[in-house]
>>> print(open('structure-v4.txt').read())   # compact mmCIF, C-alpha atoms and all ligand atoms
# COMPACT_ATOMS: atom_id res chain seq x y z
CA MET I 1 -11.34 5.32 22.72
CA GLU I 2 -8.33 5.36 20.42
CA THR I 3 -5.21 7.32 21.34
CA LEU I 4 -2.61 9.26 19.35
CA ARG I 5 0.27 7.17 17.95
CA PHE I 6 3.36 9.33 17.50
CA LEU I 7 1.82 12.80 17.63
CA THR I 8 1.21 14.83 20.76
CA PRO I 9 -1.47 17.54 20.94
CA GLU I 10 1.32 20.16 21.02
CA LEU I 11 3.08 18.77 17.94
CA ALA I 12 -0.22 18.43 16.09
CA ARG I 13 -1.07 22.08 16.79
CA SER I 14 2.34 23.33 15.76
CA LEU I 15 2.22 21.33 12.49
CA ARG I 16 -1.23 22.76 11.80
CA ASP I 17 0.08 26.28 12.41
CA ASP I 18 3.07 25.71 10.11
CA PHE I 19 1.49 23.73 7.28
CA GLY I 20 -2.32 23.95 7.60
CA THR I 21 -4.80 21.08 7.31
CA PRO I 22 -5.62 18.63 5.87
CA LEU I 23 -2.07 17.34 6.29
CA TYR I 24 -0.45 13.90 6.06
CA VAL I 25 2.16 13.60 8.81
CA TYR I 26 4.68 10.76 8.36
CA ASP I 27 6.93 9.70 11.21
CA LEU I 28 10.51 8.91 10.26
CA GLY I 29 11.09 6.80 13.38
CA SER I 30 8.08 4.59 12.65
CA LEU I 31 9.07 4.14 8.99
CA ARG I 32 12.57 3.08 10.00
CA GLN I 33 11.38 0.77 12.74
CA GLN I 34 9.02 -1.07 10.39
CA ALA I 35 11.76 -1.36 7.78
CA GLU I 36 14.15 -2.85 10.38
CA THR I 37 11.50 -5.37 11.40
CA ALA I 38 10.92 -6.36 7.76
CA LEU I 39 14.67 -6.68 7.15
CA ALA I 40 14.78 -9.15 10.07
CA PHE I 41 12.28 -11.48 8.35
CA PRO I 42 13.41 -15.08 8.93
CA ASN I 43 15.24 -16.45 5.90
CA ALA I 44 17.60 -19.28 5.11
CA TYR I 45 19.55 -18.17 2.02
CA GLY I 46 19.24 -14.40 1.77
CA LEU I 47 16.44 -11.87 1.78
CA THR I 48 15.40 -8.89 -0.31
CA VAL I 49 12.69 -6.65 1.10
CA ARG I 50 10.84 -4.62 -1.50
CA PHE I 51 8.58 -1.71 -0.60
CA ALA I 52 5.33 -1.98 -2.57
CA MET I 53 5.47 1.70 -3.48
CA LYS I 54 1.83 2.00 -4.49
CA ALA I 55 1.08 2.19 -0.75
CA ALA I 56 2.90 5.55 -0.36
CA PRO I 57 4.98 6.66 -3.35
CA ASN I 58 6.31 10.01 -2.14
CA ALA I 59 9.98 10.34 -3.19
CA ALA I 60 11.08 11.20 0.35
CA ILE I 61 9.63 7.90 1.62
CA LEU I 62 11.18 5.93 -1.25
CA GLN I 63 14.53 7.52 -0.39
CA VAL I 64 14.28 6.68 3.33
CA PHE I 65 13.72 3.02 2.42
CA ASN I 66 16.28 3.05 -0.40
CA ARG I 67 18.96 4.26 2.01
CA MET I 68 18.09 1.41 4.37
CA GLY I 69 18.64 -1.14 1.63
CA LEU I 70 15.04 -1.87 0.71
CA HIS I 71 14.20 -2.44 -2.95
CA ILE I 72 11.01 -1.47 -4.75
CA ASP I 73 7.96 -3.31 -6.07
CA ALA I 74 6.32 -1.26 -8.81
CA SER I 75 2.77 -1.88 -10.03
CA SER I 76 2.96 0.11 -13.25
CA GLY I 77 5.47 1.49 -15.70
CA PHE I 78 4.76 4.92 -14.28
CA GLU I 79 5.72 3.72 -10.80
CA VAL I 80 8.99 2.42 -12.24
CA ARG I 81 9.68 5.87 -13.74
CA ARG I 82 8.75 7.54 -10.46
CA ALA I 83 11.11 5.33 -8.45
CA LEU I 84 13.92 5.96 -10.96
CA ALA I 85 13.26 9.70 -10.69
CA ALA I 86 13.52 9.41 -6.88
CA GLY I 87 17.00 7.94 -7.31
CA VAL I 88 16.28 4.23 -6.81
CA PRO I 89 18.73 2.16 -8.89
CA ALA I 90 17.01 0.33 -11.76
CA ASP I 91 18.19 -3.10 -10.63
CA HIS I 92 16.46 -2.51 -7.28
CA ILE I 93 13.06 -2.15 -8.97
CA SER I 94 10.78 -5.05 -9.81
CA LEU I 95 7.70 -4.60 -11.99
CA SER I 96 4.57 -6.73 -11.49
CA SER I 97 1.71 -5.03 -13.25
CA GLN I 98 -1.78 -5.66 -14.55
CA GLU I 99 -0.98 -3.53 -17.60
CA MET I 100 2.25 -4.05 -19.52
CA PRO I 101 3.57 -0.55 -20.16
CA ASP I 102 3.76 0.72 -23.75
CA ASP I 103 7.39 1.68 -23.17
CA PHE I 104 8.18 -1.71 -21.64
CA ALA I 105 11.22 -2.47 -23.83
CA GLU I 106 12.86 0.82 -22.91
CA LEU I 107 12.06 0.33 -19.22
CA PHE I 108 13.40 -3.21 -19.15
CA GLU I 109 16.61 -2.07 -20.78
CA THR I 110 17.27 0.24 -17.82
CA GLY I 111 17.94 -2.94 -15.83
CA ILE I 112 14.73 -3.46 -13.87
CA ARG I 113 13.37 -6.90 -12.94
CA PHE I 114 10.14 -8.07 -14.51
CA ASN I 115 7.51 -10.57 -13.39
CA ALA I 116 5.16 -11.68 -16.15
CA CYS I 117 1.66 -11.53 -14.72
CA SER I 118 -0.23 -13.20 -17.58
CA LEU I 119 0.54 -15.63 -20.41
CA ASN I 120 0.11 -12.74 -22.84
CA GLN I 121 2.68 -10.65 -20.95
CA LEU I 122 5.11 -13.59 -21.01
CA THR I 123 4.68 -14.04 -24.76
CA ARG I 124 5.20 -10.32 -25.36
CA PHE I 125 8.31 -10.40 -23.18
CA GLY I 126 9.60 -13.45 -25.11
CA ARG I 127 9.14 -11.72 -28.45
CA LEU I 128 10.90 -8.56 -27.23
CA PHE I 129 13.72 -10.28 -25.32
CA PRO I 130 14.31 -13.82 -26.61
CA GLY I 131 16.65 -15.60 -24.20
CA GLY I 132 15.78 -13.06 -21.49
CA ARG I 133 15.42 -13.63 -17.74
CA CYS I 134 12.18 -12.94 -15.93
CA GLY I 135 9.91 -13.97 -13.09
CA ILE I 136 6.40 -15.37 -13.19
CA ARG I 137 3.60 -14.13 -10.98
CA PHE I 138 1.33 -17.04 -10.22
CA ASN I 139 -2.13 -17.08 -8.76
CA PRO I 140 -1.64 -20.04 -6.41
CA GLY I 141 -5.35 -20.82 -6.37
CA LEU I 142 -5.87 -19.51 -2.89
CA GLY I 143 -6.09 -15.99 -1.61
CA SER I 144 -6.85 -14.01 1.48
CA GLY I 145 -7.43 -10.36 2.14
CA GLY I 146 -8.74 -8.06 4.83
CA THR I 147 -11.85 -7.75 2.65
CA GLY I 148 -13.14 -9.56 -0.45
CA LYS I 149 -11.96 -6.64 -2.58
CA THR I 150 -8.38 -6.87 -1.30
CA ASN I 151 -8.14 -10.62 -1.88
CA VAL I 152 -5.95 -11.11 -4.96
CA GLY I 153 -5.66 -14.90 -5.12
CA GLY I 154 -8.10 -17.68 -6.00
CA PRO I 155 -10.36 -18.31 -8.99
CA HIS I 156 -12.09 -14.93 -8.71
CA SER I 157 -8.90 -12.92 -8.91
CA SER I 158 -7.34 -11.79 -12.19
CA PHE I 159 -3.88 -11.25 -10.67
CA GLY I 160 -1.11 -13.52 -11.88
CA ILE I 161 -1.10 -16.69 -13.97
CA TRP I 162 -3.42 -19.42 -12.71
CA HIS I 163 -1.21 -22.13 -11.16
CA GLU I 164 -2.62 -24.86 -13.38
CA TRP I 165 -1.34 -23.03 -16.46
CA ALA I 166 2.26 -23.87 -15.53
CA PRO I 167 2.60 -26.13 -18.62
CA GLN I 168 1.71 -23.19 -20.88
CA VAL I 169 4.31 -21.07 -19.08
CA GLU I 170 6.89 -23.77 -19.80
CA GLU I 171 5.86 -23.91 -23.45
CA ILE I 172 6.21 -20.15 -23.94
CA ALA I 173 9.52 -20.15 -22.06
CA VAL I 174 10.89 -22.91 -24.29
CA GLU I 175 9.68 -21.21 -27.45
CA HIS I 176 11.50 -17.97 -26.61
CA GLU I 177 14.37 -19.58 -24.66
CA LEU I 178 13.42 -17.60 -21.56
CA VAL I 179 15.04 -18.21 -18.19
CA ILE I 180 12.44 -18.24 -15.42
CA GLU I 181 14.50 -17.06 -12.45
CA ARG I 182 11.77 -16.03 -10.01
CA ILE I 183 8.40 -17.25 -8.83
CA HIS I 184 6.17 -14.54 -7.44
CA THR I 185 2.92 -14.76 -5.52
CA HIS I 186 0.98 -12.07 -3.68
CA ILE I 187 -2.36 -13.21 -2.37
CA GLY I 188 -3.97 -10.15 -0.87
CA SER I 189 -3.74 -7.22 1.46
CA GLY I 190 -4.46 -7.89 5.12
CA SER I 191 -4.28 -11.62 4.59
CA ASP I 192 -4.75 -14.29 7.20
CA PRO I 193 -1.31 -15.48 8.44
CA ALA I 194 -2.36 -19.16 8.20
CA VAL I 195 -3.32 -18.72 4.53
CA TRP I 196 -0.12 -16.79 3.86
CA GLU I 197 1.90 -19.71 5.22
CA LYS I 198 -0.09 -22.24 3.21
CA VAL I 199 0.47 -20.26 0.02
CA SER I 200 4.21 -20.17 0.75
CA GLY I 201 4.17 -23.96 0.62
CA MET I 202 2.22 -23.96 -2.66
CA SER I 203 4.67 -21.43 -4.10
CA LEU I 204 7.60 -23.65 -3.15
CA ASP I 205 5.94 -26.45 -5.15
CA LEU I 206 6.11 -24.16 -8.17
CA VAL I 207 9.79 -23.54 -7.39
CA ARG I 208 10.34 -27.32 -7.49
CA ARG I 209 8.74 -27.48 -10.89
CA PHE I 210 10.72 -24.59 -12.41
CA THR I 211 14.30 -25.71 -11.86
CA SER I 212 15.92 -22.50 -13.12
CA VAL I 213 14.29 -20.48 -10.33
CA THR I 214 16.68 -18.98 -7.76
CA THR I 215 14.34 -16.56 -5.96
CA LEU I 216 10.86 -16.88 -4.50
CA ASN I 217 8.95 -13.68 -3.92
CA LEU I 218 6.04 -14.18 -1.52
CA GLY I 219 4.56 -10.71 -1.95
CA GLY I 220 3.18 -8.60 0.85
CA GLY I 221 -0.18 -8.64 2.52
CA PHE I 222 0.90 -8.77 6.16
CA LYS I 223 -2.04 -7.77 8.28
CA VAL I 224 -1.55 -4.58 10.25
CA GLY I 225 -3.92 -3.56 13.01
CA ARG I 226 -4.86 0.09 12.68
CA MET I 227 -7.51 0.06 15.39
CA ALA I 228 -6.27 -0.82 18.88
CA SER I 229 -8.57 -3.88 18.80
CA GLU I 230 -7.11 -5.28 15.56
CA VAL I 231 -4.16 -7.68 15.63
CA SER I 232 -1.04 -7.32 13.51
CA THR I 233 0.82 -10.20 11.94
CA ASP I 234 4.08 -11.02 13.71
CA LEU I 235 6.66 -11.47 10.95
CA GLN I 236 8.79 -13.85 13.02
CA THR I 237 5.78 -16.09 13.57
CA VAL I 238 4.83 -16.31 9.89
CA GLY I 239 8.45 -16.34 8.73
CA LEU I 240 9.95 -19.18 10.75
CA PRO I 241 7.93 -22.04 9.18
CA VAL I 242 8.63 -20.55 5.75
CA LYS I 243 12.35 -20.54 6.50
CA ALA I 244 12.11 -24.20 7.53
CA ALA I 245 10.36 -25.01 4.24
CA PHE I 246 13.18 -23.36 2.26
CA GLU I 247 15.72 -25.44 4.21
CA LYS I 248 13.78 -28.61 3.50
CA LEU I 249 13.79 -27.82 -0.20
CA ALA I 250 17.55 -27.28 -0.08
CA GLU I 251 18.07 -30.63 1.68
CA GLU I 252 16.02 -32.42 -0.94
CA THR I 253 17.21 -30.67 -4.07
CA GLY I 254 20.41 -28.80 -3.17
CA ARG I 255 18.75 -25.57 -4.30
CA GLU I 256 19.25 -22.64 -1.92
CA ILE I 257 16.43 -20.27 -2.79
CA ARG I 258 16.60 -16.59 -1.99
CA LEU I 259 13.52 -15.06 -0.38
CA GLU I 260 11.86 -11.79 -1.35
CA ILE I 261 8.97 -10.17 0.45
CA GLU I 262 7.29 -6.96 -0.67
CA PRO I 263 5.17 -5.39 2.00
CA GLY I 264 3.40 -2.09 1.46
CA THR I 265 0.94 -1.77 4.32
CA PHE I 266 3.30 -3.24 6.91
CA LEU I 267 5.97 -0.61 6.26
CA VAL I 268 3.83 2.51 6.23
CA ALA I 269 0.28 2.00 7.53
CA ASN I 270 0.82 3.19 11.09
CA ALA I 271 3.61 5.62 10.23
CA CYS I 272 1.25 8.40 9.12
CA SER I 273 -1.48 10.45 10.76
CA LEU I 274 -3.91 12.52 8.77
CA LEU I 275 -4.36 15.83 10.51
CA SER I 276 -7.66 17.59 9.88
CA THR I 277 -9.79 20.33 11.36
CA ALA I 278 -13.42 19.96 12.43
CA GLN I 279 -15.24 22.41 10.17
CA ASP I 280 -18.65 22.00 11.65
CA ILE I 281 -20.55 20.03 14.26
CA VAL I 282 -24.17 19.35 13.38
CA ALA I 283 -27.00 17.30 14.77
CA THR I 284 -30.22 15.80 13.48
CA GLY I 285 -33.32 15.28 15.63
CA GLY I 286 -36.06 12.75 16.13
CA GLU I 287 -35.80 9.15 17.24
CA GLN I 288 -32.67 8.40 15.27
CA ALA I 289 -31.01 11.68 16.17
CA MET I 290 -27.32 11.79 15.41
CA ASN I 291 -24.31 14.04 16.01
CA PHE I 292 -21.89 14.65 13.17
CA ILE I 293 -18.37 16.00 12.91
CA LYS I 294 -17.60 17.41 9.45
CA LEU I 295 -13.91 17.46 8.64
CA ASP I 296 -11.88 19.50 6.18
CA ALA I 297 -10.65 16.13 4.86
CA GLY I 298 -12.46 13.09 3.53
CA MET I 299 -12.40 10.75 0.55
CA THR I 300 -10.09 13.24 -1.12
CA GLU I 301 -7.46 12.16 1.45
CA ILE I 302 -8.63 8.79 2.69
CA LEU I 303 -10.84 6.53 0.64
CA ARG I 304 -10.45 3.26 2.53
CA PRO I 305 -13.47 3.72 4.85
CA SER I 306 -15.79 4.45 1.89
CA LEU I 307 -14.30 1.75 -0.31
CA TYR I 308 -13.72 -1.11 2.12
CA ALA I 309 -15.55 -0.02 5.29
CA ALA I 310 -12.04 0.09 6.72
CA GLN I 311 -11.86 1.16 10.35
CA GLN I 312 -9.45 3.99 11.10
CA PRO I 313 -8.74 5.36 14.59
CA ILE I 314 -10.14 8.87 15.03
CA ILE I 315 -9.01 11.16 17.83
CA VAL I 316 -10.44 14.57 18.62
CA ILE I 317 -7.98 17.04 20.14
CA PRO I 318 -10.20 19.62 21.86
CA GLU I 319 -8.84 23.16 21.94
CA GLU I 320 -10.26 23.51 25.45
CA ASP I 321 -9.85 20.68 27.93
CA SER I 322 -13.07 18.93 28.74
CA ASN I 323 -14.11 15.47 29.83
CA GLU I 324 -17.13 15.43 27.58
CA GLU I 325 -17.60 12.31 25.45
CA LYS I 326 -20.16 11.83 22.72
CA ASP I 327 -21.11 9.44 19.94
CA TYR I 328 -20.44 10.90 16.51
CA LEU I 329 -20.61 10.01 12.88
CA VAL I 330 -17.53 11.53 11.28
CA VAL I 331 -17.95 12.65 7.68
CA GLY I 332 -15.70 14.14 5.03
CA HIS I 333 -16.00 17.46 3.23
CA CYS I 334 -17.21 16.18 -0.13
CA CYS I 335 -20.75 16.60 -1.37
CA GLU I 336 -21.01 12.85 -1.63
CA SER I 337 -23.03 10.70 0.74
CA GLY I 338 -20.35 8.00 0.62
CA ASP I 339 -17.78 10.34 2.13
CA ILE I 340 -17.81 8.83 5.59
CA LEU I 341 -15.08 7.96 8.07
CA THR I 342 -17.15 5.87 10.45
CA PRO I 343 -18.61 3.01 8.40
CA ALA I 344 -19.86 -0.07 10.22
CA PRO I 345 -17.13 -2.72 10.00
CA ASP I 346 -17.48 -4.94 6.93
CA ASP I 347 -20.42 -3.00 5.54
CA PRO I 348 -19.80 0.25 3.64
CA GLU I 349 -23.58 0.65 3.36
CA LYS I 350 -24.00 1.19 7.10
CA LEU I 351 -22.68 3.74 9.57
CA LEU I 352 -21.60 3.23 13.13
CA PRO I 353 -21.35 6.16 15.57
CA ARG I 354 -18.07 6.36 17.48
CA PRO I 355 -17.52 7.51 21.04
CA LEU I 356 -15.15 10.49 20.78
CA ALA I 357 -14.14 13.47 22.88
CA GLY I 358 -16.69 16.29 22.60
CA ALA I 359 -15.76 18.33 19.52
CA LYS I 360 -16.16 21.98 18.61
CA PRO I 361 -15.60 23.63 15.22
CA GLY I 362 -11.89 24.36 14.88
CA ASP I 363 -10.73 21.38 16.93
CA LEU I 364 -8.07 19.17 15.44
CA VAL I 365 -9.18 15.68 14.46
CA VAL I 366 -6.49 13.07 13.81
CA ILE I 367 -7.08 9.99 11.68
CA GLU I 368 -4.45 7.41 12.51
CA GLY I 369 -3.23 4.55 10.33
CA ALA I 370 -3.27 6.79 7.25
CA GLY I 371 0.10 5.75 5.78
CA ALA I 372 -0.89 3.03 3.32
CA TYR I 373 -3.25 3.56 0.38
CA CYS I 374 -4.44 6.95 1.60
CA SER I 375 -2.40 9.72 -0.01
CA SER I 376 -1.75 7.38 -2.95
CA MET I 377 -5.34 6.20 -3.38
CA SER I 378 -7.62 9.17 -2.91
CA ALA I 379 -10.55 10.63 -4.79
CA LYS I 380 -8.13 13.34 -5.82
CA ASN I 381 -9.57 16.75 -6.64
CA TYR I 382 -13.20 15.70 -6.25
CA ASN I 383 -15.17 18.87 -5.49
CA SER I 384 -11.97 20.61 -6.65
CA PHE I 385 -10.32 20.22 -3.27
CA PRO I 386 -6.58 20.54 -3.76
CA GLU I 387 -4.30 17.61 -2.98
CA ALA I 388 -3.19 17.87 0.67
CA ALA I 389 0.37 18.59 1.76
CA GLU I 390 2.64 15.91 3.23
CA VAL I 391 5.27 16.36 5.94
CA LEU I 392 7.86 14.03 7.43
CA VAL I 393 8.59 14.44 11.12
CA ASP I 394 12.19 13.63 12.08
CA GLU I 395 13.71 12.34 15.35
CA LYS I 396 13.78 15.88 16.73
CA GLN I 397 10.05 16.28 16.11
CA VAL I 398 10.71 18.74 13.31
CA GLY I 399 8.28 18.59 10.40
CA HIS I 400 9.80 18.73 6.90
CA LEU I 401 7.55 19.47 3.95
CA ILE I 402 7.77 16.57 1.47
CA ARG I 403 4.86 17.60 -0.76
CA GLN I 404 3.35 21.03 -1.13
CA ARG I 405 -0.36 21.60 -1.00
CA GLN I 406 -1.66 21.71 -4.56
CA ALA I 407 -2.61 25.11 -5.93
CA LEU I 408 -6.04 25.61 -7.49
CA GLU I 409 -4.49 26.31 -10.91
CA GLN I 410 -2.74 22.94 -10.83
CA ILE I 411 -6.10 21.23 -10.67
CA PHE I 412 -7.14 22.49 -14.09
CA GLN I 413 -3.80 23.24 -15.72
CA ASN I 414 -4.17 20.44 -18.28
CA GLU I 415 -7.61 21.51 -19.44
CA VAL I 416 -7.71 22.89 -22.95
CA PRO I 417 -10.24 25.62 -23.73
CA TYR I 418 -12.71 24.78 -26.47
CA LYS I 419 -13.18 27.74 -28.76
CA GLU I 420 -16.49 27.85 -30.57
CA SER I 421 -16.01 28.79 -34.21
C1 LIG S 501 0.02 -4.21 -3.41
C2 LIG S 501 1.05 -5.24 -3.55
C3 LIG S 501 1.88 -5.55 -2.47
C4 LIG S 501 1.73 -4.94 -1.11
O1 LIG S 501 0.59 -5.35 -0.45
P1 LIG S 501 0.35 -4.92 1.07
O2 LIG S 501 -0.91 -5.60 1.45
O3 LIG S 501 0.23 -3.45 1.10
O4 LIG S 501 1.51 -5.41 1.86
C5 LIG S 501 2.89 -6.46 -2.70
N1 LIG S 501 3.05 -7.05 -3.90
C6 LIG S 501 2.26 -6.78 -4.95
C7 LIG S 501 2.50 -7.43 -6.24
C8 LIG S 501 1.23 -5.88 -4.81
O5 LIG S 501 0.44 -5.62 -5.85
>>> encode(input="structure-v4.txt", output="structure tokens", more="lines below")
Ligand SMILES: *Cc1c(COP(=O)(O)O)cnc(C)c1O
Amino acid sequence: METLRFLTPELARSLRDDFGTPLYVYDLGSLRQQAETALAFPNAYGLTVRFAMKAAPNAAILQVFNRMGLHIDASSGFEVRRALAAGVPADHISLSSQEMPDDFAELFETGIRFNACSLNQLTRFGRLFPGGRCGIRFNPGLGSGGTGKTNVGGPHSSFGIWHEWAPQVEEIAVEHELVIERIHTHIGSGSDPAVWEKVSGMSLDLVRRFTSVTTLNLGGGFKVGRMASEVSTDLQTVGLPVKAAFEKLAEETGREIRLEIEPGTFLVANACSLLSTAQDIVATGGEQAMNFIKLDAGMTEILRPSLYAAQQPIIVIPEEDSNEEKDYLVVGHCCESGDILTPAPDDPEKLLPRPLAGAKPGDLVVIEGAGAYCSSMSAKNYNSFPEAAEVLVDEKQVGHLIRQRQALEQIFQNEVPYKES
């Protein structure tokens, strides 16, 4: 059975009493520790660590990382605005997006960095800022992700410019006198360390080709084990051969290339627990009889199990001590059959009962590993459930509210009544 990460039953109960459930609980110590580990990534000629903010964009989290010297990777113009609003300096924000924002010119003039992610984006940038400096996100032809859906490299991925289109990139750059100062690749979330290393080598080949490049950004995608049985990537292990490759390039060409990495998952995944309350315990009968725990949370707080069959640790904290253990399917509160927290691994179509402590209605149920792509990627407001509150627990185990629970009125405040004439 899985165990609690940074919470204790006492702290979980006191946070519930103070803030209610469902509640995202972030741990300051864990956030800082992961950031320190990322900042120690092996490098030869300088390192910038960017937090891929789409993983957990709460301003309080951005500020914790900003104060530690991390920069930001933004995936949309709106994320850029959000980071600016949180107080991140513009020149610490890099934009790599599928959609080029309508207000791009205004955003770029604030001083942000930009990676063109398609030939069309590069042409548009060239027209707006002839002679300008930018990066190029390439699809190196190879990808790897924890699941097929989180693989963002290779011929079946739309992310970045296909590596064989480098000549077209050069043509557009020449036409608009652009300076390509960065090569960027990001091949997937939860990627295989061996593939990550291979792609680093392929990315360095692109650096050789584009002689004005001074920085190589290798993206994020470091695998993080959420379940006790899953392994996490060791950054020193993946980083050391990459460092050696940078040194080799410098020996051969005299070019000392700066390294950027931009982890999302690695920095936040295990730094947050989703605290929920068992609303009901039900059972079915017959040959395939099953026990269920129904939570007051679900796809409105954590979509990864439904979307990717992602496995998240689940811990029942019984109000009364007991040694009872039972197999349960854990389900969310939405009237939606896909709202499940115990999918079979690698198959969102199937369910797999989990051995958990015997649960009663009212017991706390903690879902661990809820820091990355949970609060930020939820089926928000489905069934009109309000967005959950978020707290940050400091070194003294004090919980600070960093996002209020949404009020019902906020769910429909933008609706405009239609008056029949
Ligand atoms: C999402 C994303 C990341 C972060 O990926 P993780 O798997 O969460 O580390 C980094 N770079 C880019 C461009 C991304 O889109």
>>> closest_residue(input="structure-v4.txt", among="I:Leu218, I:Cys374, I:Val391, I:Ile180", to="ligand LIG 501 (chain S)", atoms="only C-alpha atoms and all ligand atoms")
I:Leu218
>>> closest_residue(input="structure-v4.txt", among="I:Val25, I:Val152, I:Ile61, I:Ile281", to="ligand LIG 501 (chain S)", atoms="all atoms listed in the file")
I:Val152
>>> residues_near_ligand(input="structure-v4.txt", ligand="ligand LIG 501 (chain S)", cutoff="9 Å", atoms="only C-alpha atoms and all ligand atoms", output="PyMOL selection string")
chain I and resi 50-55+73-75+95-98+137+145-146+150+152+159+184-191+217-224+261-269+372-373
>>> residues_around(input="structure-v4.txt", residues="Thr277 of chain I", least_positions_apart="5", cutoff="10 Å", atoms="only C-alpha atoms", output="list in words")
Arg16, Gly20, Thr21, Pro22, Leu23, Ile293, Lys294, Leu295, Asp296, Ala297, Val316, Ile317, Lys360, Pro361, Gly362, Asp363, Leu364, Val365 and Val366 of chain I
>>> atom_distance(input="structure-v4.txt", atom1="atom CA of Asp192 of chain I", atom2="atom CA of Leu39 of chain I")
20.9 Å
>>> closest_residue(input="structure-v4.txt", among="I:Gly154, I:Ile112, I:Ser30, I:Lys326", to="Ala283 of chain I", atoms="all atoms listed in the file")
I:Lys326
>>> decode(input="structure-v4.txt", residues="segment 228-240 of chain I", atoms="N, CA, C and O atoms", output="PDB file, in the first residue's frame")
ATOM      1  N   ALA I 228       4.961   4.318  -5.602  1.00  0.00           N
ATOM      2  CA  ALA I 228       6.208   3.845  -4.984  1.00  0.00           C
ATOM      3  C   ALA I 228       6.968   2.910  -5.926  1.00  0.00           C
ATOM      4  O   ALA I 228       8.188   2.845  -5.906  1.00  0.00           O
ATOM      5  N   SER I 229       6.234   2.195  -6.793  1.00  0.00           N
ATOM      6  CA  SER I 229       6.873   1.212  -7.679  1.00  0.00           C
ATOM      7  C   SER I 229       7.479   1.845  -8.929  1.00  0.00           C
ATOM      8  O   SER I 229       8.193   1.187  -9.679  1.00  0.00           O
ATOM      9  N   GLU I 230       7.192   3.116  -9.188  1.00  0.00           N
ATOM     10  CA  GLU I 230       7.691   3.758 -10.406  1.00  0.00           C
ATOM     11  C   GLU I 230       9.044   4.421 -10.141  1.00  0.00           C
ATOM     12  O   GLU I 230       9.248   5.000  -9.076  1.00  0.00           O
ATOM     13  N   VAL I 231       9.934   4.360 -11.124  1.00  0.00           N
ATOM     14  CA  VAL I 231      11.255   4.979 -10.931  1.00  0.00           C
ATOM     15  C   VAL I 231      11.264   6.419 -11.447  1.00  0.00           C
ATOM     16  O   VAL I 231      10.576   6.752 -12.401  1.00  0.00           O
ATOM     17  N   SER I 232      12.067   7.246 -10.796  1.00  0.00           N
ATOM     18  CA  SER I 232      12.257   8.620 -11.229  1.00  0.00           C
ATOM     19  C   SER I 232      13.608   8.725 -11.924  1.00  0.00           C
ATOM     20  O   SER I 232      14.538   8.005 -11.602  1.00  0.00           O
ATOM     21  N   THR I 233      13.668   9.653 -12.882  1.00  0.00           N
ATOM     22  CA  THR I 233      14.929   9.914 -13.566  1.00  0.00           C
ATOM     23  C   THR I 233      15.875  10.608 -12.607  1.00  0.00           C
ATOM     24  O   THR I 233      15.486  11.544 -11.909  1.00  0.00           O
ATOM     25  N   ASP I 234      17.132  10.156 -12.578  1.00  0.00           N
ATOM     26  CA  ASP I 234      18.142  10.847 -11.787  1.00  0.00           C
ATOM     27  C   ASP I 234      18.807  11.887 -12.703  1.00  0.00           C
ATOM     28  O   ASP I 234      19.384  11.544 -13.733  1.00  0.00           O
ATOM     29  N   LEU I 235      18.684  13.157 -12.338  1.00  0.00           N
ATOM     30  CA  LEU I 235      19.167  14.222 -13.220  1.00  0.00           C
ATOM     31  C   LEU I 235      20.670  14.161 -13.428  1.00  0.00           C
ATOM     32  O   LEU I 235      21.163  14.499 -14.499  1.00  0.00           O
ATOM     33  N   GLN I 236      21.415  13.737 -12.401  1.00  0.00           N
ATOM     34  CA  GLN I 236      22.867  13.636 -12.563  1.00  0.00           C
ATOM     35  C   GLN I 236      23.195  12.581 -13.615  1.00  0.00           C
ATOM     36  O   GLN I 236      24.068  12.779 -14.453  1.00  0.00           O
ATOM     37  N   THR I 237      22.464  11.483 -13.579  1.00  0.00           N
ATOM     38  CA  THR I 237      22.721  10.395 -14.529  1.00  0.00           C
ATOM     39  C   THR I 237      22.448  10.826 -15.964  1.00  0.00           C
ATOM     40  O   THR I 237      23.245  10.562 -16.859  1.00  0.00           O
ATOM     41  N   VAL I 238      21.317  11.495 -16.203  1.00  0.00           N
ATOM     42  CA  VAL I 238      21.046  11.916 -17.587  1.00  0.00           C
ATOM     43  C   VAL I 238      21.902  13.116 -17.971  1.00  0.00           C
ATOM     44  O   VAL I 238      22.229  13.301 -19.141  1.00  0.00           O
ATOM     45  N   GLY I 239      22.282  13.924 -16.975  1.00  0.00           N
ATOM     46  CA  GLY I 239      22.962  15.179 -17.292  1.00  0.00           C
ATOM     47  C   GLY I 239      24.440  15.043 -17.612  1.00  0.00           C
ATOM     48  O   GLY I 239      24.962  15.798 -18.439  1.00  0.00           O
ATOM     49  N   LEU I 240      25.109  14.101 -16.976  1.00  0.00           N
ATOM     50  CA  LEU I 240      26.568  14.029 -17.155  1.00  0.00           C
ATOM     51  C   LEU I 240      26.998  13.753 -18.605  1.00  0.00           C
ATOM     52  O   LEU I 240      27.873  14.443 -19.122  1.00  0.00           O
TER      53      LEU I 240
END
